[in-house]
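This report refers to the structure that appears directly beneath it.
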Amino acid sequence: MVAEGQRWVVLKFGGTSVSRRNRWDTIGRLAAKRMAEDEARVLVVVSALSGVTNELTAICAGDGIPARIEALVERHRAFCAELELDADGVLGERFAALRALGKDVRAGALALDWQAEVLAQGELLSSTLGAAYLRSQGHDFGWCDARDWLDAVSLPNASEWSQRLSVNCQREADAAFVERFSAQPTAMLITQGFIARHRDGRTAVLGRGGSDTSAAYFGGLLKAKRVEIWTDVPGMFSANPRDVPDARLLTRLDYAEAQEIATTGAKVLHPRSLGPCRHAGVPMAILDTERPELPGTRIDALADVIPGVKAISRRNGIVLVSMESVGMWQSVGFLSDIFERFKRHGLSVDLIGTSETNVTVSLDPSENLVSTNVLEELSADLEEICRVRIILPCAAITLVGRGIRSLLHKLSGVWATFGKERVHLISQSSNDLNLTFVLDEADADGMLPLLHADLIDSGAMPVHEAQVFGPRWREIEGQLRPKPTPWWPAERERLLALAGAGTPRYVYHLPTVRERARQLAGITAVDRRYYAIKANSHPAVLRTLVEEGFGLECVSLGELRRVFEVLPDLPPSRVLFTPSFAPSDEYAAALALGVTVTLDNVEALQRWPGVFRGHNLWLRIDLGHGDGHHEKVTTGGKKSKFGLAAARVDEFVDAARALDVRITGVHAHLGSGVETRAHWRQMYDELAGFARRIGTVQVLDIGGGLPIPYGQDDEPFDLDDWAEGLAEIKAVHPAFELAIEPGRFLVAEAGVLLASTTQVVEKDGVHRVGLDTGMNALIRPALYDAWHEIKNLQRLDEAADGAFDVVGPICESSDVFGHRVRLPSTTTPGDCVLIADAGAYGFTMASTYNLRALPAEDVIE
């Protein structure tokens, strides 16, 4: 029954969503659900069956018209059979109309009005059979012709082609329109996307993406409660998941951001479809027909304004037109003359870059009829006033988000990546919503995953903002490795009791240390395992790891002394000393202790020959490249202070031989947080090459830096894949022992920092929770922009329904543990807050800055 005054919900379904029986069953269920839950009437807008519009387009080109028409008739007959419908009874008139168009006198000339009528048949067929099927399943559905309601409008300068085959529609309606439309008797209606009424009363079509746009027009005209675009993907993503499997679902956007993302490459929603809804203030949603339980992408005017890059996209086929003339400088009307020629050839300019003597513009073929002939004619016209160079094919890579200008300082990794390739044009939008780089298509290959990771690592893409970013594509597809369950929720009461003795306080869980040690011990390709004690030098941690068969790696004389104070019986052969720019007495003391010493420069041998003469040494080599989760943990390459330049290895070997120094190991550590299997294989392979040149090497040390999953959506390091890669490359170089020296992997997850809240305040809309400790206790967030999970241990069972900046008491602006951290809104002074995964580079990097006391330390067995 139709209730008077009910508002509408518009549901649009694309070609893949209307091409199977089970999808039509889903359409029926969703329509009935929306009608019940929203207490609204439902309008379903459908596309043609998948692939049908392509066939109709071929017919419009005059390609095999009779055969293609009969093939389309047979396809719809077969689908009617699948739906258990009488094809002739349901679609007989549609089949006759399609066949008549094939014999129409206009077909020979491929008249534009004839083409529009041909193209319209796909949606007329699908909507007619859909309405019949839904009624057969007991749904109260009626059918209406979109051409009775959507009127095409003529825009200034529009070509005859665009006024018939790529039209815009009237988007203003009065109350009488809504009243007339709502007078239809059924509770639910089905209509066509893509088609409208031309001003001559006949058919026009909306062009590419027309069905989305039709749904938006209906939503705007009816002042609908919502327009839902149902498709075969879960929504808009931070990148194309086909290129970037770690792309995040964008769950909430405002109209402007969604418009930019759609315009710059996202195929899931046509850019024109946003205008009508934005104009009328109608919310939109993009949802997955196969997985309706997913949140999808919600688009409206109420989305929180969150600064940051939301998406990165790529458009191929971009054409650049570079125009150069010394006569353009301070020449009045030069640009007008140029753009008049683009207008003359029906070309719309997208991006523009200018200098005193050059103007370069881009043409997007998705919005232009760009052909070789058009470009030749355009060039000939432009040559009358300037020199012209056509550059193609190009790709445009665009960053979209709020406040792009304010993020430039975070884009160093992005600039560096683009700096390796030739960039023809950089364009920053006047609305501060996008930044675009245009380069050769071939140079753009493989860049999106690197750039996406750079944006996340730098914090420019704030993926921790749950209001905007949802699950990763690989998570949706069930491809993620599950994150281990942390130990600390089960130890909550013990932790709260320890916090009661005073905070700040580090607590280390030794069973977790043992578990991580045994995971690494199970990798058979590794012969020697050392623990980098700079990560955590607590005596209990050192004893535990030595008991598990690990040696210890030190970088200072102080660390060496700590090792032998805690473990006086430890054989010196199980200790490495790998300092950086240490004074000579530290090297002498280490050699006197009998530990293995690593050196990374020739100058030390030359300056202090008496210290090293006659000893065995390991050599640390800079392989010329680095990697890591942050520039400050990249320890290879020209800018790094670590390692001997590869070009000077022979010089080092000659100096060593002159001092009777024997090089028994070579070492490289190029950065921390590296996950790629290729990184480790390449490093192993390069070290083996140096080892063979040296001739006395027994051990290859590939360092540490194994990552751990700090963030809620991070994955654990794939140890199996790593081990497999090491075994493969070791089989190529069986003459050498393999050594590793991890730190973080063994202890980070085992440690937490407990703190007490001191104040909860609000300032200009930002809520802050203050702690009784700050960057003096845990400097990683300030130093590396590192992310740590932060929980209110006192209120662990309460909903984390508040967003807070968590800060410390240190007199520095960088004294921030996390922005917009989700904590219970009831958080109050005196609560115990836990900072997770703080067992590595926490206490060992702590200081008494501001004369704040060092944290206490405890262990849990």
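In the structure tokens, each chain is lettered A, B, ... as it comes, each chain's residues begin at 1, and ligands are numbered from 1 in order of appearance.
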
Which residues in range 361-581 of chain A does DSSP call strand (DSSP E)? List them as a ChimeraX atom specification. /A:361-363,387-402,423-428,434-440,469-472,505-509,528-532,551-554,575-577

Got a sec: who's within 12 Å of Pro824 in chain A, counting only C-alpha atoms, leaving out chain neighbours fewer than 5 positions off, as a ChimeraX atom specification? /A:760,769,790-804,831,833

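With only C-alpha atoms as the atoms that count, the minimum distance from Ala655 in chain A to the choices A:Pro609, A:Gly624, A:Pro295, A:Pro484 is reached by A:Pro609.
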
State, in Å with one decimal place, the distance from CA of Leu222 in chain A to CA of His270 in chain A.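 Interatomic distance here is 20.2 Å.
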
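The protein and nucleic acid residues lying at most 9 Å from Pro292 in chain A are Leu30, Trp230, Pro234, Leu287, Asp288, Thr289, Pro295 and Gly296 of chain A, with only C-alpha atoms considered and sequence neighbours fewer than 3 positions away removed.
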
Show me, as a list in words, the residues that have an atom within 12 Å of Ala36 in chain A when counting only C-alpha atoms, minus same-chain residues fewer than 4 positions from it.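 That gives Met1, Gln6, Trp8, Val9, Arg29, Leu30, Ala31, Ala32, Ala40, Arg41, Val42, Ala187 and Met188 of chain A.
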
Show me, as a ChimeraX atom specification, the residues that have an atom within 9 Å of range 567-584 of chain A when counting only C-alpha atoms, minus same-chain residues fewer than 2 positions from it. /A:530,539,542-543,546,550-557,560,562-565,586-590,593-600,604,608,611,618,620,641-643

Residues just named, written with N, CA and C atoms as a compact mmCIF listing (two decimals), in the first residue's frame:
# COMPACT_ATOMS: atom_id res chain seq x y z
N TYR A 530 71.60 -13.25 16.44
CA TYR A 530 72.01 -12.29 17.45
C TYR A 530 70.83 -11.37 17.74
N PRO A 539 67.81 -6.70 31.82
CA PRO A 539 68.52 -7.95 32.14
C PRO A 539 67.69 -9.20 31.90
N LEU A 542 67.59 -9.99 28.23
CA LEU A 542 68.85 -10.53 27.74
C LEU A 542 69.01 -11.99 28.14
N ARG A 543 68.73 -12.30 29.40
CA ARG A 543 68.87 -13.70 29.88
C ARG A 543 67.94 -14.62 29.10
N VAL A 546 69.28 -15.24 25.49
CA VAL A 546 70.47 -16.08 25.49
C VAL A 546 70.08 -17.53 25.79
N PHE A 550 70.20 -17.27 21.40
CA PHE A 550 70.64 -16.08 20.69
C PHE A 550 71.95 -15.55 21.24
N GLY A 551 72.79 -15.04 20.34
CA GLY A 551 73.89 -14.20 20.74
C GLY A 551 73.39 -12.78 20.90
N LEU A 552 74.28 -11.86 21.25
CA LEU A 552 73.87 -10.48 21.50
C LEU A 552 74.71 -9.53 20.65
N GLU A 553 74.05 -8.53 20.09
CA GLU A 553 74.72 -7.54 19.26
C GLU A 553 74.69 -6.19 19.98
N CYS A 554 75.87 -5.56 20.12
CA CYS A 554 76.01 -4.30 20.85
C CYS A 554 76.57 -3.23 19.93
N VAL A 555 76.26 -1.97 20.27
CA VAL A 555 76.75 -0.86 19.46
C VAL A 555 77.55 0.15 20.27
N SER A 556 77.79 -0.15 21.53
CA SER A 556 78.57 0.77 22.36
C SER A 556 79.29 -0.03 23.45
N LEU A 557 80.31 0.59 24.03
CA LEU A 557 81.02 -0.05 25.13
C LEU A 557 80.08 -0.22 26.33
N LEU A 560 78.20 -3.36 25.81
CA LEU A 560 79.06 -4.52 26.08
C LEU A 560 79.18 -4.76 27.58
N ARG A 562 77.05 -3.91 29.87
CA ARG A 562 75.77 -4.42 30.38
C ARG A 562 75.68 -5.92 30.13
N VAL A 563 76.06 -6.38 28.95
CA VAL A 563 75.98 -7.80 28.60
C VAL A 563 76.79 -8.65 29.58
N PHE A 564 78.03 -8.27 29.83
CA PHE A 564 78.87 -9.13 30.66
C PHE A 564 78.61 -8.94 32.15
N GLU A 565 77.95 -7.83 32.53
CA GLU A 565 77.48 -7.70 33.91
C GLU A 565 76.31 -8.66 34.16
N GLU A 586 86.97 2.32 22.41
CA GLU A 586 85.87 1.35 22.43
C GLU A 586 86.21 0.14 21.57
N TYR A 587 86.82 0.38 20.40
CA TYR A 587 87.25 -0.74 19.56
C TYR A 587 88.30 -1.58 20.30
N ALA A 588 89.25 -0.90 20.93
CA ALA A 588 90.32 -1.61 21.65
C ALA A 588 89.74 -2.45 22.78
N ALA A 589 88.79 -1.89 23.52
CA ALA A 589 88.19 -2.62 24.64
C ALA A 589 87.41 -3.83 24.13
N ALA A 590 86.69 -3.66 23.04
CA ALA A 590 85.90 -4.76 22.49
C ALA A 590 86.81 -5.89 22.02
N LEU A 593 88.11 -7.84 24.88
CA LEU A 593 87.11 -8.76 25.44
C LEU A 593 86.98 -10.03 24.60
N GLY A 594 87.41 -9.99 23.35
CA GLY A 594 87.34 -11.17 22.49
C GLY A 594 86.06 -11.28 21.68
N VAL A 595 85.25 -10.20 21.65
CA VAL A 595 84.01 -10.25 20.88
C VAL A 595 84.31 -10.00 19.41
N THR A 596 83.35 -10.31 18.54
CA THR A 596 83.51 -10.06 17.11
C THR A 596 83.23 -8.59 16.82
N VAL A 597 84.20 -7.92 16.19
CA VAL A 597 84.10 -6.49 15.94
C VAL A 597 83.83 -6.24 14.45
N THR A 598 82.89 -5.36 14.20
CA THR A 598 82.56 -4.95 12.82
C THR A 598 83.06 -3.53 12.60
N LEU A 599 83.71 -3.29 11.47
CA LEU A 599 84.23 -1.97 11.12
C LEU A 599 83.58 -1.55 9.80
N ASP A 600 83.38 -0.23 9.61
CA ASP A 600 82.69 0.20 8.40
C ASP A 600 83.39 1.36 7.70
N ALA A 604 89.55 4.29 9.86
CA ALA A 604 89.90 3.77 11.19
C ALA A 604 91.15 2.89 11.13
N TRP A 608 94.31 4.24 13.22
CA TRP A 608 94.64 3.48 14.44
C TRP A 608 95.13 2.08 14.06
N VAL A 611 95.48 -0.61 16.86
CA VAL A 611 94.27 -1.16 17.50
C VAL A 611 93.81 -2.43 16.78
N TRP A 618 84.78 -8.13 11.02
CA TRP A 618 83.71 -8.14 10.04
C TRP A 618 83.64 -6.76 9.40
N ARG A 620 81.26 -3.93 7.49
CA ARG A 620 79.91 -3.47 7.14
C ARG A 620 79.99 -2.65 5.86
N LYS A 641 74.92 7.50 7.20
CA LYS A 641 76.26 7.54 7.82
C LYS A 641 76.84 6.14 8.02
N PHE A 642 76.03 5.10 7.77
CA PHE A 642 76.46 3.74 8.06
C PHE A 642 77.11 3.07 6.85
N GLY A 643 78.12 2.27 7.12
CA GLY A 643 78.67 1.38 6.10
C GLY A 643 79.76 1.99 5.24

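Minimum distance to Val10 in chain A across A:Leu335, A:Ile27, A:Ala777, A:Ala116 (counting only C-alpha atoms) occurs at A:Ile27.
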
What is the distance between CA of Gly446 in chain A and CA of Val244 in chain A, in Å to one decimal?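 About the pair CA of Gly446 in chain A and CA of Val244 in chain A: they are 9.4 Å apart.
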
Residue with smallest distance to Pro809 in chain A - pool A:Leu439, A:Ile523, A:Leu150, A:Leu771, counting only C-alpha atoms: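 For Pro809 in chain A, the nearest of the given residues is A:Leu771.
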
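The space between CA of Ala395 in chain A and CA of Gly413 in chain A spans 19.6 Å.
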
For Thr16 in chain A, find every residue with an atom within 12 Å (counting only C-alpha atoms), except residues of its own chain fewer than 3 positions away, and show them as a list in words.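 Skipping anything fewer than 3 positions along the chain leaves Lys12, Phe13, Ser19, Arg20, Arg21, Asn22, Arg23, Trp24, Val46, Ser47, Ala48, Leu49, Ser50, Gly51, Val52, Ser126, Trp230, Thr231, Asp232, Val233, Asp288, Thr289 and Glu290 of chain A.
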
Need the shell around His615 in chain A: protein/DNA/RNA residues with any atom at most 8 Å away, counting only C-alpha atoms. Skip same-chain ones fewer than 3 positions apart. Format as an NGL selection string? :A and (591 or 612 or 660-662)

Please produce a file of those selected residues containing N, CA and C atoms, as a CSV table (one decimal), in the first residue's frame.
chain,number,residue,atom,x,y,z
A,591,LEU,N,87.9,-5.5,21.3
A,591,LEU,CA,88.8,-6.6,20.9
A,591,LEU,C,89.5,-7.3,22.1
A,612,PHE,N,93.9,-2.4,15.5
A,612,PHE,CA,93.3,-3.5,14.7
A,612,PHE,C,94.3,-4.6,14.2
A,660,ASP,N,97.7,-7.3,8.5
A,660,ASP,CA,97.4,-8.7,8.9
A,660,ASP,C,96.0,-8.9,9.5
A,661,VAL,N,95.1,-8.1,9.1
A,661,VAL,CA,93.7,-8.2,9.5
A,661,VAL,C,93.0,-9.1,8.6
A,662,ARG,N,92.3,-10.1,9.1
A,662,ARG,CA,91.5,-11.1,8.4
A,662,ARG,C,90.0,-10.7,8.4

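Proximity to Glu293 in chain A was assessed for A:Val821, A:Leu274, A:Ile476, A:Glu857 counting only C-alpha atoms; the smallest distance is recorded for A:Ile476.
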
Counting only C-alpha atoms, the option among A:Glu762, A:Glu491, A:Glu117, A:Asp350 closest to Thr57 in chain A: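 Of A:Glu762, A:Glu491, A:Glu117, A:Asp350, the one nearest Thr57 in chain A is A:Glu117, counting only C-alpha atoms.
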
Output as JSON, numbers by chain all residues of range 571-734 of chain A that backbone DSSP marks as helix (DSSP H, G or I). {"A": [572, 573, 574, 584, 585, 586, 587, 588, 589, 590, 591, 592, 593, 602, 603, 604, 605, 606, 607, 609, 610, 611, 612, 631, 632, 633, 646, 647, 648, 649, 650, 651, 652, 653, 654, 655, 656, 657, 658, 677, 678, 679, 680, 681, 682, 683, 684, 685, 686, 687, 688, 689, 690, 691, 692, 693, 694, 719, 720, 721, 722, 723, 724, 725, 726, 727, 728, 729, 730, 731, 732]}

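Nearest to Leu480 in chain A of all the residues A:Ser814, A:Phe690, A:Thr848, A:Asp718 is A:Asp718, counting only C-alpha atoms.
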